[in-house]
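So this one's entry33.txt, compact mmCIF, C-alpha atoms (C1' of nucleotides):
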# COMPACT_ATOMS: atom_id res chain seq x y z
CA MET A 1 0.00 0.00 0.00
CA MET A 2 2.92 2.36 0.21
CA ALA A 3 5.97 0.33 -0.31
CA ALA A 4 6.29 0.68 -4.04
CA ASP A 5 7.43 4.25 -4.24
CA ARG A 6 11.18 3.60 -4.19
CA PRO A 7 11.70 0.58 -6.41
CA ASP A 8 14.56 -1.77 -5.66
CA GLN A 9 15.51 -0.25 -2.39
CA GLY A 10 12.86 -1.91 -0.36
CA PRO A 11 10.02 -0.11 1.33
CA ALA A 12 10.33 3.40 2.72
CA PRO A 13 11.65 3.61 6.27
CA ALA A 14 9.14 3.86 9.07
CA VAL A 15 11.20 6.59 10.66
CA PRO A 16 12.89 8.88 8.12
CA SER A 17 16.60 8.87 8.87
CA THR A 18 18.51 12.09 9.40
CA ASP A 19 21.93 10.49 9.47
CA ALA A 20 25.04 11.73 7.77
CA GLN A 21 24.63 9.10 5.03
CA PRO A 22 21.61 9.42 2.76
CA PRO A 23 19.57 6.39 3.73
CA TRP A 24 18.53 5.40 0.23
CA LEU A 25 20.24 5.11 -3.09
CA SER A 26 19.77 7.73 -5.75
CA ASP A 27 18.22 6.59 -9.01
CA ASP A 28 21.63 6.40 -10.67
CA GLU A 29 23.13 4.50 -7.80
CA ARG A 30 20.22 2.10 -7.66
CA ASP A 31 20.49 1.56 -11.38
CA ALA A 32 24.16 0.67 -11.17
CA TRP A 33 23.53 -1.55 -8.18
CA ILE A 34 20.72 -3.56 -9.73
CA ARG A 35 22.86 -4.28 -12.75
CA LEU A 36 25.87 -5.21 -10.70
CA VAL A 37 23.74 -7.69 -8.79
CA GLY A 38 22.76 -9.19 -12.09
CA VAL A 39 26.40 -9.55 -13.03
CA PHE A 40 27.54 -11.20 -9.86
CA ILE A 41 24.71 -13.68 -9.98
CA LYS A 42 24.61 -14.51 -13.67
CA LEU A 43 28.26 -14.27 -14.64
CA PRO A 44 29.49 -16.97 -12.24
CA ALA A 45 26.62 -19.16 -13.37
CA ALA A 46 27.66 -18.67 -16.98
CA LEU A 47 31.28 -19.50 -16.22
CA ASP A 48 30.27 -22.59 -14.29
CA ALA A 49 28.05 -23.66 -17.14
CA GLN A 50 30.85 -23.33 -19.69
CA LEU A 51 33.33 -25.25 -17.57
CA GLN A 52 30.80 -27.89 -16.57
CA ARG A 53 29.77 -28.46 -20.15
CA ASP A 54 33.25 -28.48 -21.67
CA ALA A 55 35.25 -30.02 -18.85
CA GLY A 56 32.97 -31.34 -16.13
CA ILE A 57 34.38 -29.10 -13.43
CA SER A 58 33.23 -26.03 -11.52
CA HIS A 59 34.77 -22.59 -11.71
CA PHE A 60 36.20 -23.02 -8.24
CA GLU A 61 37.80 -26.30 -9.22
CA TYR A 62 39.22 -24.60 -12.29
CA MET A 63 40.76 -21.89 -10.16
CA VAL A 64 42.35 -24.46 -7.89
CA LEU A 65 43.88 -26.35 -10.80
CA SER A 66 44.89 -23.15 -12.56
CA ARG A 67 46.60 -21.62 -9.52
CA LEU A 68 48.48 -24.83 -8.95
CA SER A 69 49.59 -24.96 -12.57
CA GLU A 70 51.10 -21.51 -12.19
CA ALA A 71 52.95 -22.27 -8.99
CA SER A 72 56.56 -23.37 -9.01
CA ASP A 73 56.66 -27.15 -8.80
CA GLN A 74 52.88 -27.12 -9.25
CA THR A 75 52.78 -26.99 -5.48
CA LEU A 76 51.05 -24.72 -2.99
CA ARG A 77 50.17 -24.85 0.65
CA MET A 78 46.50 -25.45 1.28
CA SER A 79 46.09 -22.16 3.08
CA ASP A 80 47.81 -20.15 0.34
CA LEU A 81 45.83 -21.94 -2.31
CA ALA A 82 42.62 -21.16 -0.48
CA VAL A 83 43.40 -17.44 -0.60
CA LEU A 84 44.44 -17.55 -4.24
CA ALA A 85 41.30 -19.41 -5.20
CA ASN A 86 39.08 -17.08 -3.17
CA GLY A 87 37.69 -19.81 -0.95
CA SER A 88 37.68 -20.97 2.63
CA LEU A 89 40.09 -23.62 3.82
CA SER A 90 37.20 -25.92 4.51
CA ARG A 91 35.81 -25.57 1.03
CA LEU A 92 39.23 -26.12 -0.44
CA SER A 93 39.78 -29.21 1.65
CA HIS A 94 36.58 -30.80 0.38
CA VAL A 95 37.37 -29.85 -3.22
CA VAL A 96 40.93 -31.15 -3.04
CA THR A 97 39.54 -34.43 -1.77
CA ARG A 98 37.38 -34.64 -4.87
CA LEU A 99 40.22 -33.61 -7.18
CA GLU A 100 42.41 -36.23 -5.55
CA ARG A 101 39.82 -38.87 -6.28
CA ARG A 102 39.87 -37.80 -9.91
CA GLY A 103 43.66 -38.07 -9.94
CA TRP A 104 44.45 -34.42 -10.70
CA VAL A 105 45.83 -33.36 -7.35
CA ARG A 106 47.79 -35.06 -4.62
CA ARG A 107 48.37 -34.05 -0.99
CA GLU A 108 51.79 -34.07 0.61
CA ALA A 109 52.82 -33.31 4.15
CA CYS A 110 55.19 -30.37 4.09
CA PRO A 111 58.62 -31.78 4.88
CA GLY A 112 60.05 -29.95 7.87
CA ASP A 113 56.76 -28.71 9.29
CA GLY A 114 54.03 -31.25 9.67
CA ARG A 115 51.37 -28.65 10.28
CA TYR A 116 51.34 -27.66 6.67
CA THR A 117 49.89 -29.63 3.80
CA ASN A 118 50.95 -29.07 0.22
CA ALA A 119 48.63 -29.60 -2.67
CA VAL A 120 50.46 -30.81 -5.77
CA LEU A 121 49.13 -30.90 -9.30
CA THR A 122 49.70 -34.28 -10.93
CA ASP A 123 50.74 -34.69 -14.54
CA GLU A 124 47.20 -35.67 -15.40
CA GLY A 125 46.02 -32.54 -13.62
CA LEU A 126 48.39 -30.38 -15.60
CA ALA A 127 47.24 -31.97 -18.83
CA LYS A 128 43.66 -31.35 -17.83
CA VAL A 129 44.18 -27.61 -17.19
CA GLU A 130 46.13 -27.22 -20.37
CA ALA A 131 43.27 -28.76 -22.26
CA ILE A 132 40.66 -26.63 -20.56
CA ALA A 133 42.31 -23.23 -20.33
CA PRO A 134 41.95 -22.01 -23.92
CA GLY A 135 38.22 -22.62 -23.94
CA HIS A 136 37.81 -20.93 -20.62
CA VAL A 137 39.82 -17.87 -21.59
CA ALA A 138 37.74 -17.67 -24.74
CA ALA A 139 34.60 -17.61 -22.60
CA VAL A 140 36.00 -14.86 -20.39
CA ARG A 141 36.78 -12.87 -23.50
CA GLU A 142 33.39 -13.50 -24.99
CA LEU A 143 31.42 -12.65 -21.86
CA VAL A 144 33.46 -9.83 -20.41
CA ILE A 145 36.57 -8.48 -22.09
CA ASP A 146 35.27 -8.23 -25.62
CA ALA A 147 32.07 -6.66 -24.36
CA LEU A 148 34.08 -3.69 -23.12
CA ARG A 149 36.09 -0.93 -24.71
CA PRO A 150 39.75 -0.78 -23.63
CA GLU A 151 39.17 2.14 -21.29
CA GLN A 152 36.28 0.27 -19.72
CA VAL A 153 38.61 -2.59 -18.92
CA GLU A 154 40.76 -0.15 -16.98
CA GLN A 155 37.72 1.30 -15.27
CA LEU A 156 36.61 -2.17 -14.32
CA ARG A 157 40.00 -2.87 -12.77
CA ASP A 158 39.85 0.28 -10.66
CA ILE A 159 36.24 -0.20 -9.64
CA SER A 160 36.79 -3.83 -8.67
CA GLN A 161 39.86 -2.88 -6.72
CA ALA A 162 37.93 -0.18 -4.87
CA ILE A 163 35.13 -2.58 -3.98
CA MET A 164 37.54 -5.26 -2.83
CA GLY A 165 39.16 -2.68 -0.57
CA ARG A 166 35.84 -2.40 1.24
CA VAL A 167 34.80 -6.03 1.14
CA ILE A 168 38.09 -7.27 2.52
CA PRO A 169 39.31 -4.38 4.64
CA GLY A 170 42.94 -3.66 3.98
CA ALA A 171 43.16 -5.70 0.80
CA GLU A 172 45.43 -3.56 -1.32
CA TRP A 173 47.37 -6.77 -1.83
CA TYR A 174 44.45 -8.31 -3.66
CA GLY A 175 45.41 -10.02 -6.88
CA ARG A 176 49.06 -9.64 -5.96
CA LEU A 177 49.66 -12.83 -4.04
CA PRO A 178 52.42 -15.36 -4.69
CA HIS A 179 51.32 -16.33 -8.19
CA THR A 180 54.59 -16.52 -10.05
CA GLY A 181 56.68 -15.85 -7.00
CA ALA A 182 58.59 -18.32 -4.89
CA PRO A 183 56.65 -20.92 -2.91
CA SER A 184 55.89 -18.25 -0.33
CA PRO A 185 57.04 -19.09 3.19
CA ARG A 186 53.79 -17.42 4.17
CA ALA A 187 51.24 -15.50 2.13
CA ARG A 188 51.90 -11.81 2.65
CA ARG A 189 48.72 -10.67 4.14
CA PRO A 190 48.38 -7.62 6.33
CA ALA A 191 49.02 -8.91 9.85
CA MET B 192 57.71 -27.55 -15.73
CA MET B 193 56.68 -24.79 -18.07
CA ALA B 194 53.29 -23.67 -17.07
CA ALA B 195 54.16 -20.69 -14.93
CA ASP B 196 55.02 -18.22 -17.63
CA ARG B 197 51.59 -16.66 -18.05
CA PRO B 198 50.21 -16.20 -14.55
CA ASP B 199 46.47 -16.42 -14.03
CA GLN B 200 45.63 -17.55 -17.49
CA GLY B 201 46.46 -21.13 -17.02
CA PRO B 202 49.30 -22.90 -18.75
CA ALA B 203 50.42 -22.05 -22.26
CA PRO B 204 48.52 -23.82 -25.05
CA ALA B 205 49.98 -26.98 -26.47
CA VAL B 206 49.24 -25.74 -29.98
CA PRO B 207 49.60 -21.96 -30.36
CA SER B 208 46.34 -20.63 -31.70
CA THR B 209 46.27 -18.53 -34.83
CA ASP B 210 42.62 -17.55 -34.52
CA ALA B 211 41.17 -14.12 -35.03
CA GLN B 212 40.88 -13.65 -31.26
CA PRO B 213 44.10 -13.42 -29.29
CA PRO B 214 44.07 -16.63 -27.28
CA TRP B 215 45.29 -15.14 -24.02
CA LEU B 216 44.48 -12.06 -22.03
CA SER B 217 46.83 -9.12 -22.02
CA ASP B 218 48.32 -8.13 -18.69
CA ASP B 219 45.80 -5.33 -18.27
CA GLU B 220 42.91 -7.57 -19.17
CA ARG B 221 44.09 -10.30 -16.86
CA ASP B 222 44.49 -7.79 -14.08
CA ALA B 223 40.93 -6.53 -14.46
CA TRP B 224 39.62 -10.08 -14.71
CA ILE B 225 41.33 -11.37 -11.57
CA ARG B 226 39.92 -8.50 -9.58
CA LEU B 227 36.45 -8.91 -11.00
CA VAL B 228 36.52 -12.56 -9.99
CA GLY B 229 37.38 -11.44 -6.49
CA VAL B 230 34.39 -9.12 -6.49
CA PHE B 231 31.85 -11.61 -7.68
CA ILE B 232 33.01 -14.16 -5.16
CA LYS B 233 33.55 -12.01 -2.11
CA LEU B 234 30.87 -9.37 -2.51
CA PRO B 235 27.91 -11.78 -2.48
CA ALA B 236 29.48 -13.49 0.52
CA ALA B 237 29.72 -10.15 2.31
CA LEU B 238 26.11 -9.30 1.54
CA ASP B 239 24.94 -12.70 2.68
CA ALA B 240 26.94 -12.31 5.87
CA GLN B 241 25.38 -8.94 6.65
CA LEU B 242 21.85 -10.15 6.03
CA GLN B 243 22.38 -13.42 7.83
CA ARG B 244 23.81 -11.67 10.86
CA ASP B 245 21.27 -8.86 11.04
CA ALA B 246 18.16 -10.62 9.79
CA GLY B 247 18.74 -14.33 9.47
CA ILE B 248 18.04 -14.45 5.75
CA SER B 249 20.10 -14.89 2.59
CA HIS B 250 20.58 -12.27 -0.11
CA PHE B 251 18.35 -14.23 -2.44
CA GLU B 252 15.60 -14.35 0.16
CA TYR B 253 15.99 -10.62 0.65
CA MET B 254 15.59 -10.03 -3.05
CA VAL B 255 12.44 -12.10 -3.11
CA LEU B 256 10.92 -10.19 -0.22
CA SER B 257 12.10 -6.86 -1.56
CA ARG B 258 10.72 -7.41 -5.06
CA LEU B 259 7.41 -8.46 -3.60
CA SER B 260 7.27 -5.39 -1.40
CA GLU B 261 7.68 -3.19 -4.47
CA ALA B 262 4.99 -4.93 -6.48
CA SER B 263 1.44 -3.66 -6.55
CA ASP B 264 -0.60 -5.60 -4.01
CA GLN B 265 2.67 -7.15 -2.82
CA THR B 266 1.92 -9.85 -5.38
CA LEU B 267 3.91 -11.35 -8.23
CA ARG B 268 3.70 -14.43 -10.34
CA MET B 269 6.31 -17.01 -9.46
CA SER B 270 7.87 -16.88 -12.90
CA ASP B 271 8.10 -13.08 -12.92
CA LEU B 272 9.48 -13.07 -9.42
CA ALA B 273 12.10 -15.60 -10.43
CA VAL B 274 13.34 -13.29 -13.18
CA LEU B 275 13.30 -10.24 -10.94
CA ALA B 276 15.21 -12.06 -8.23
CA ASN B 277 17.73 -13.47 -10.70
CA GLY B 278 16.99 -17.09 -9.91
CA SER B 279 15.55 -20.22 -11.45
CA LEU B 280 11.94 -21.13 -10.92
CA SER B 281 13.00 -24.22 -9.06
CA ARG B 282 15.18 -22.29 -6.67
CA LEU B 283 12.42 -19.78 -6.11
CA SER B 284 9.89 -22.51 -5.44
CA HIS B 285 12.06 -24.00 -2.70
CA VAL B 286 12.76 -20.58 -1.19
CA VAL B 287 9.11 -19.55 -1.21
CA THR B 288 8.29 -22.77 0.61
CA ARG B 289 10.74 -21.77 3.32
CA LEU B 290 9.44 -18.18 3.45
CA GLU B 291 5.92 -19.53 3.70
CA ARG B 292 6.93 -21.62 6.68
CA ARG B 293 8.29 -18.48 8.30
CA GLY B 294 5.02 -16.70 7.61
CA TRP B 295 6.37 -13.96 5.33
CA VAL B 296 4.94 -15.13 2.04
CA ARG B 297 1.82 -16.92 0.94
CA ARG B 298 0.98 -18.73 -2.29
CA GLU B 299 -2.26 -18.14 -4.14
CA ALA B 300 -3.59 -19.78 -7.26
CA CYS B 301 -4.04 -17.08 -9.88
CA PRO B 302 -7.80 -16.60 -10.19
CA GLY B 303 -8.76 -17.10 -13.82
CA ASP B 304 -5.78 -19.17 -14.82
CA GLY B 305 -4.85 -22.05 -12.60
CA ARG B 306 -1.50 -22.57 -14.26
CA TYR B 307 -0.10 -19.51 -12.59
CA THR B 308 0.81 -19.19 -8.96
CA ASN B 309 1.04 -15.84 -7.23
CA ALA B 310 3.40 -15.21 -4.40
CA VAL B 311 2.01 -12.69 -1.95
CA LEU B 312 3.90 -10.87 0.77
CA THR B 313 2.12 -11.10 4.11
CA ASP B 314 1.90 -8.20 6.56
CA GLU B 315 4.57 -9.86 8.66
CA GLY B 316 6.69 -10.17 5.55
CA LEU B 317 6.29 -6.51 4.76
CA ALA B 318 7.19 -5.57 8.30
CA LYS B 319 10.25 -7.77 8.04
CA VAL B 320 11.54 -6.13 4.85
CA GLU B 321 10.88 -2.70 6.21
CA ALA B 322 12.93 -3.54 9.23
CA ILE B 323 15.78 -5.01 7.22
CA ALA B 324 16.04 -2.69 4.26
CA PRO B 325 17.81 0.29 5.85
CA GLY B 326 20.61 -1.86 7.18
CA HIS B 327 21.02 -3.60 3.88
CA VAL B 328 21.11 -0.40 1.87
CA ALA B 329 23.69 0.90 4.30
CA ALA B 330 25.81 -2.16 3.61
CA VAL B 331 25.50 -1.68 -0.15
CA ARG B 332 26.59 1.90 0.31
CA GLU B 333 29.45 0.95 2.54
CA LEU B 334 30.76 -1.84 0.34
CA VAL B 335 30.13 -0.46 -3.11
CA ILE B 336 28.62 2.95 -3.72
CA ASP B 337 30.67 4.94 -1.25
CA ALA B 338 33.82 3.21 -2.42
CA LEU B 339 33.36 4.80 -5.85
CA ARG B 340 33.44 8.30 -7.25
CA PRO B 341 30.23 9.43 -8.94
CA GLU B 342 31.62 8.91 -12.42
CA GLN B 343 32.69 5.42 -11.43
CA VAL B 344 29.13 4.61 -10.49
CA GLU B 345 28.11 5.50 -14.02
CA GLN B 346 30.95 3.49 -15.46
CA LEU B 347 29.90 0.55 -13.34
CA ARG B 348 26.36 0.81 -14.67
CA ASP B 349 27.58 0.78 -18.27
CA ILE B 350 30.08 -2.00 -17.73
CA SER B 351 27.58 -4.20 -15.93
CA GLN B 352 25.04 -3.59 -18.62
CA ALA B 353 27.55 -4.55 -21.32
CA ILE B 354 28.46 -7.76 -19.52
CA MET B 355 24.84 -8.69 -18.95
CA GLY B 356 24.24 -8.22 -22.66
CA ARG B 357 26.72 -11.03 -23.26
CA VAL B 358 25.78 -13.26 -20.36
CA ILE B 359 22.09 -13.20 -21.19
CA PRO B 360 21.99 -12.70 -24.94
CA GLY B 361 19.49 -10.05 -25.86
CA ALA B 362 19.09 -8.69 -22.36
CA GLU B 363 18.78 -4.98 -23.05
CA TRP B 364 15.68 -5.20 -20.89
CA TYR B 365 17.76 -6.12 -17.90
CA GLY B 366 16.88 -4.17 -14.77
CA ARG B 367 13.82 -2.82 -16.53
CA LEU B 368 11.25 -5.45 -15.67
CA PRO B 369 7.85 -4.82 -14.09
CA HIS B 370 9.12 -3.40 -10.81
CA THR B 371 6.79 -0.49 -10.24
CA GLY B 372 4.65 -1.30 -13.23
CA ALA B 373 1.29 -3.00 -13.30
CA PRO B 374 1.09 -6.67 -12.30
CA SER B 375 2.45 -7.58 -15.73
CA PRO B 376 0.18 -9.84 -17.76
CA ARG B 377 3.47 -11.44 -18.79
CA ALA B 378 7.04 -10.31 -18.21
CA ARG B 379 8.22 -8.58 -21.36
CA ARG B 380 11.09 -10.70 -22.33
CA PRO B 381 12.39 -10.95 -25.85
CA ALA B 382 10.25 -13.69 -27.39
C1' DT C 383 -15.52 -33.59 -26.49
C1' DC C 384 -11.47 -35.79 -26.68
C1' DC C 385 -6.41 -35.45 -27.44
C1' DG C 386 -1.73 -33.86 -28.14
C1' DG C 387 1.20 -30.07 -26.96
C1' DT C 388 3.01 -26.70 -24.06
C1' DA C 389 3.92 -23.69 -20.26
C1' DA C 390 4.09 -23.09 -15.12
C1' DC C 391 5.16 -24.79 -11.45
C1' DT C 392 6.59 -28.59 -7.80
C1' DT C 393 9.29 -32.12 -5.90
C1' DG C 394 12.92 -35.38 -4.53
C1' DA C 395 17.58 -36.62 -4.93
C1' DA C 396 22.36 -35.55 -5.61
C1' DG C 397 26.04 -32.48 -4.97
C1' DC C 398 28.37 -28.52 -2.99
C1' DT C 399 29.18 -25.07 0.64
C1' DT C 400 29.06 -23.62 5.24
C1' DC C 401 29.44 -24.12 10.01
C1' DA C 402 31.07 -25.83 14.07
C1' DA C 403 33.68 -29.06 16.20
C1' DC C 404 37.77 -31.67 16.35
C1' DT C 405 42.71 -33.25 15.57
C1' DA C 406 47.51 -32.58 14.83
C1' DA C 407 51.82 -30.20 15.01
C1' DC C 408 54.60 -26.87 16.68
C1' DA C 409 56.34 -22.74 19.63
C1' DG C 410 57.21 -20.79 23.94
C1' DT C 411 57.71 -21.28 28.82
C1' DA C 412 58.86 -23.11 33.12
C1' DT D 413 59.72 -32.75 30.03
C1' DA D 414 55.21 -31.15 30.62
C1' DC D 415 51.85 -27.45 29.90
C1' DT D 416 49.50 -23.80 27.32
C1' DG D 417 48.34 -21.52 23.34
C1' DT D 418 48.13 -21.05 18.40
C1' DT D 419 47.71 -22.23 13.64
C1' DA D 420 46.70 -25.59 9.74
C1' DG D 421 43.86 -28.62 8.22
C1' DT D 422 40.03 -32.20 8.32
C1' DT D 423 35.48 -33.87 8.91
C1' DG D 424 30.47 -34.65 9.45
C1' DA D 425 26.07 -32.63 9.52
C1' DA D 426 22.85 -29.21 8.03
C1' DG D 427 21.19 -26.32 4.55
C1' DC D 428 20.80 -24.60 -0.14
C1' DT D 429 21.00 -25.09 -5.22
C1' DT D 430 20.69 -27.69 -9.27
C1' DC D 431 18.97 -31.17 -12.13
C1' DA D 432 15.79 -34.11 -13.96
C1' DA D 433 11.57 -35.82 -13.63
C1' DG D 434 6.76 -35.33 -12.57
C1' DT D 435 1.96 -32.59 -12.21
C1' DT D 436 -1.48 -29.64 -13.45
C1' DA D 437 -3.94 -26.45 -16.24
C1' DC D 438 -4.91 -24.60 -20.39
C1' DC D 439 -5.01 -24.06 -25.61
C1' DG D 440 -5.91 -25.41 -30.24
C1' DG D 441 -7.44 -28.56 -33.31
C1' DA D 442 -10.10 -32.78 -35.18

Would you mind writing the structure in this file as structure tokens?
Amino acid sequence: MMAADRPDQGPAPAVPSTDAQPPWLSDDERDAWIRLVGVFIKLPAALDAQLQRDAGISHFEYMVLSRLSEASDQTLRMSDLAVLANGSLSRLSHVVTRLERRGWVRREACPGDGRYTNAVLTDEGLAKVEAIAPGHVAAVRELVIDALRPEQVEQLRDISQAIMGRVIPGAEWYGRLPHTGAPSPRARRPA
Amino acid sequence: MMAADRPDQGPAPAVPSTDAQPPWLSDDERDAWIRLVGVFIKLPAALDAQLQRDAGISHFEYMVLSRLSEASDQTLRMSDLAVLANGSLSRLSHVVTRLERRGWVRREACPGDGRYTNAVLTDEGLAKVEAIAPGHVAAVRELVIDALRPEQVEQLRDISQAIMGRVIPGAEWYGRLPHTGAPSPRARRPA
DNA sequence: TCCGGTAACTTGAAGCTTCAACTAACAGTA
DNA sequence: TACTGTTAGTTGAAGCTTCAAGTTACCGGA
């Protein structure tokens, strides 16, 4: 009966706020937000669909295999791999168990410190990623990169970086983890 | 043994492609992509966390309640609601069952055409959204909008729109569904 | 009025993620 | 050597999503 006057922001507040922050989004802000929500729901689904169809794996599994393939010795500590793949340690542990069953990854106790576990990409695993990667990169191009003008790609980088800075407070490091570097005695995270 | 030369794009291709499209991403493209992946993994998690903590519901459930609260008569057809909430009909059906159990939504057979089912927001449901919305909008502001300069918000809108155009082919309509409009005899989707 | 076709859901099972223990290994201290 | 605390990782259960049927209601002929 009176909740439809500010679409997409939910109903009007019972008590109008007088805070420093405007309580609702402007039309432009709301517009951008609604579309961004669409992207972060539909884009992952599209990537999963492509990988599932062409390779029978999820996007998260792809990231795990891909990050391992980039690491020196195809080896990473579970906890570093979890950060690189954007997942929790628990999620990674379950997924590595599955990937182990499929023969693409193997666990090894870290020699010298038994607390750590290394995940190692097997030869079959490496072959699998090498087979999958071109198709996946093509999909990323098709769905995202080629949809944008070059300056938009830069804008996207800056915008994503700014959002990540809020989502993971103090995450200037984001996207700058070990990757090609040495096997990282410890991921360099802020304290 | 030779897969670490192009970080974050997977290993090099066995057979170098000579296609029209460059097979790999440039450094700038890769950079933007890695960060975008971070956003679409971590941002939904952050939104879910806020809503779960403050209201005990998921982001998808919030969208369902919110879209209903904006609809005339707090009523929408299941299939329209599914589109507006960015989910499959099956997912929506399960979620509505849960929301019904909690007393926030009610199902009604569409009078006149028994094939359709209407989801209706109850008074308790409306009260719930009204209580939740301000906190959620504050989180969206905190995590996204306030992290960006005004021109970046516009860029984000355009970029998201461009990506959605690829992810859901022919989706110029995206973000422009019923919302405040009449109860939509049928969602206007491209054929 | 019957019959095939189709669109709108619903449902149950399988699979994945999350959450909350729990275990294991080490570091520091006495 | 024992005791405490901390960090890495694992595991099982609960909950949600997806997938593949199944229903139900209607429409358009014959």

Go ahead and compute the interatomic distance for CA of Leu89 (chain A) and CA of Asp239 (chain B), in Å to one decimal.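 So the answer is 18.7 Å.
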
So which one's closest to chain C, B:Ala300, B:Leu317, B:Val335, B:Leu242? Using only C-alpha atoms (C1' of nucleotides), please.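 Answer, going by the shortest atom-to-atom distance: B:Ala300.
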
Atomic distance CA of Leu43 (chain A) - CA of Val358 (chain B), expressed in Å with one decimal: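 A separation of 6.3 Å between them.
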
Chain C contacts to chain A at 10 Å (all atoms listed in the file) as a PyMOL selection string: chain C and resi 398-401+406-408

Could you jot down the CA of Ala353 (chain B) to CA of Ala147 (chain A) separation for me, Å, one decimal place? 5.8 Å

Hey, could you make a per-residue contact list for chain D against chain A with 9 Å as the cut-off, showing the nearest pair of atoms and its distance in Å to one decimal, counting all atoms listed in the file, sorted by chain and number, as a tab-separated table?
residue	atom	partner	partner_atom	distance
D:DT419	C1'	A:Arg115	CA	8.1
D:DA420	C1'	A:Arg115	CA	5.6
D:DG421	C1'	A:Thr117	CA	7.5
D:DT422	C1'	A:Ser93	CA	7.3

Could you work out which residues of chain A fall inside 7 Å of chain B? Count all atoms listed in the file, and format the result as a ChimeraX atom specification. /A:1,3-4,7-8,10-11,13,23-24,29,31-32,34-36,38-40,42-43,46,66-67,69-72,86,129-130,133-134,137-138,143-144,147-148,152-154,156-157,159-164,166-167,175,179-180

Using all atoms listed in the file, I'd like a table of the residues in chain D that come within 12 Å of region 388-395 of chain C; for each, show the closest atom pair and its distance in Å rounded to one decimal, ordered by chain and ascending number, as CSV.
residue,atom,partner,partner_atom,distance
D:DT430,C1',C:DA395,C1',10.4
D:DC431,C1',C:DA395,C1',9.1
D:DA432,C1',C:DA395,C1',9.5
D:DA433,C1',C:DT393,C1',8.9
D:DG434,C1',C:DT393,C1',7.8
D:DT435,C1',C:DT392,C1',7.5
D:DT436,C1',C:DC391,C1',8.5
D:DA437,C1',C:DA390,C1',8.8
D:DC438,C1',C:DA389,C1',8.9
D:DC439,C1',C:DT388,C1',8.6
D:DG440,C1',C:DT388,C1',10.9

Convert the current residue selection to file output with C-alpha atoms (C1' of nucleotides), as a PDB file, in the frame of the given file.
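What ended up in out05.pdb:
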ATOM      1  C1'  DT D 430      20.690 -27.690  -9.270  1.00  0.00           C
ATOM      2  C1'  DC D 431      18.970 -31.170 -12.130  1.00  0.00           C
ATOM      3  C1'  DA D 432      15.790 -34.110 -13.960  1.00  0.00           C
ATOM      4  C1'  DA D 433      11.570 -35.820 -13.630  1.00  0.00           C
ATOM      5  C1'  DG D 434       6.760 -35.330 -12.570  1.00  0.00           C
ATOM      6  C1'  DT D 435       1.960 -32.590 -12.210  1.00  0.00           C
ATOM      7  C1'  DT D 436      -1.480 -29.640 -13.450  1.00  0.00           C
ATOM      8  C1'  DA D 437      -3.940 -26.450 -16.240  1.00  0.00           C
ATOM      9  C1'  DC D 438      -4.910 -24.600 -20.390  1.00  0.00           C
ATOM     10  C1'  DC D 439      -5.010 -24.060 -25.610  1.00  0.00           C
ATOM     11  C1'  DG D 440      -5.910 -25.410 -30.240  1.00  0.00           C
TER      12       DG D 440
END

Polymer residues at most 12 Å from DA402 (chain C), only C-alpha atoms (C1' of nucleotides), same-chain spacing of 5 or more positions, as a VMD selection string: (chain A and resid 90) or (chain D and resid 423 to 426)
